[in-house]
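Undergrad: The structure that follows is given in the form of structure tokens.
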Amino acid sequence: MMTPSTVRNYLKERGNASLSDVALHFDAGEDSVRAVLDLWVAKGKIRPLAAGASCSRAGSCGCSCKAEEIYEWVGDLRLAG
């Protein structure tokens, strides 16, 4: 069952994960997972990383690949700034 706490624990254990990995792990839709991840982003516990892609054109070439959303656990890390 996917709850904010289980998503938190999953990311803490892995360090980072893509949106699709989290959705697959919890057998949940990406929109539902994104909503939970956004909660943790707002709390400053995770951060989105620059999106990668499975091809060098990130889907602009007409292929079906798409940029992947990656999230990283930062916990209580306080960034200087």
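So you can find residues: chains in the structure tokens are A, B, ... in the order shown, residues in each start at 1, and ligands are numbered from 1 in order.
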Quick one: everything within 8 Å of A:Met2, counting only C-alpha atoms, minus sequence neighbours fewer than 5 positions away in the same chain. Send it as a ChimeraX atom specification.

TA: /A:7,26,28

Undergrad: Skip A:Asn16 itself and residues of its chain fewer than 4 positions away, then list as a PyMOL selection string all residues within 7 Å of it, counting only C-alpha atoms.

TA: chain A and resi 11+70-73

Undergrad: Find the residues around A:Ser32 up to 12 Å (only C-alpha atoms counted), leave out those fewer than 4 positions away in its own chain, and share them as JSON, numbers by chain.

TA: {"A": [2, 3, 4, 7, 19, 20, 22, 23, 24, 26, 27, 28, 36, 37, 38, 39]}

Undergrad: For A:Arg14, which of A:Arg34, A:Met1, A:Gly44, A:Val74 is the closest residue, counting only C-alpha atoms?

TA: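 Among A:Arg34, A:Met1, A:Gly44, A:Val74, it is A:Val74 that comes nearest to A:Arg14.
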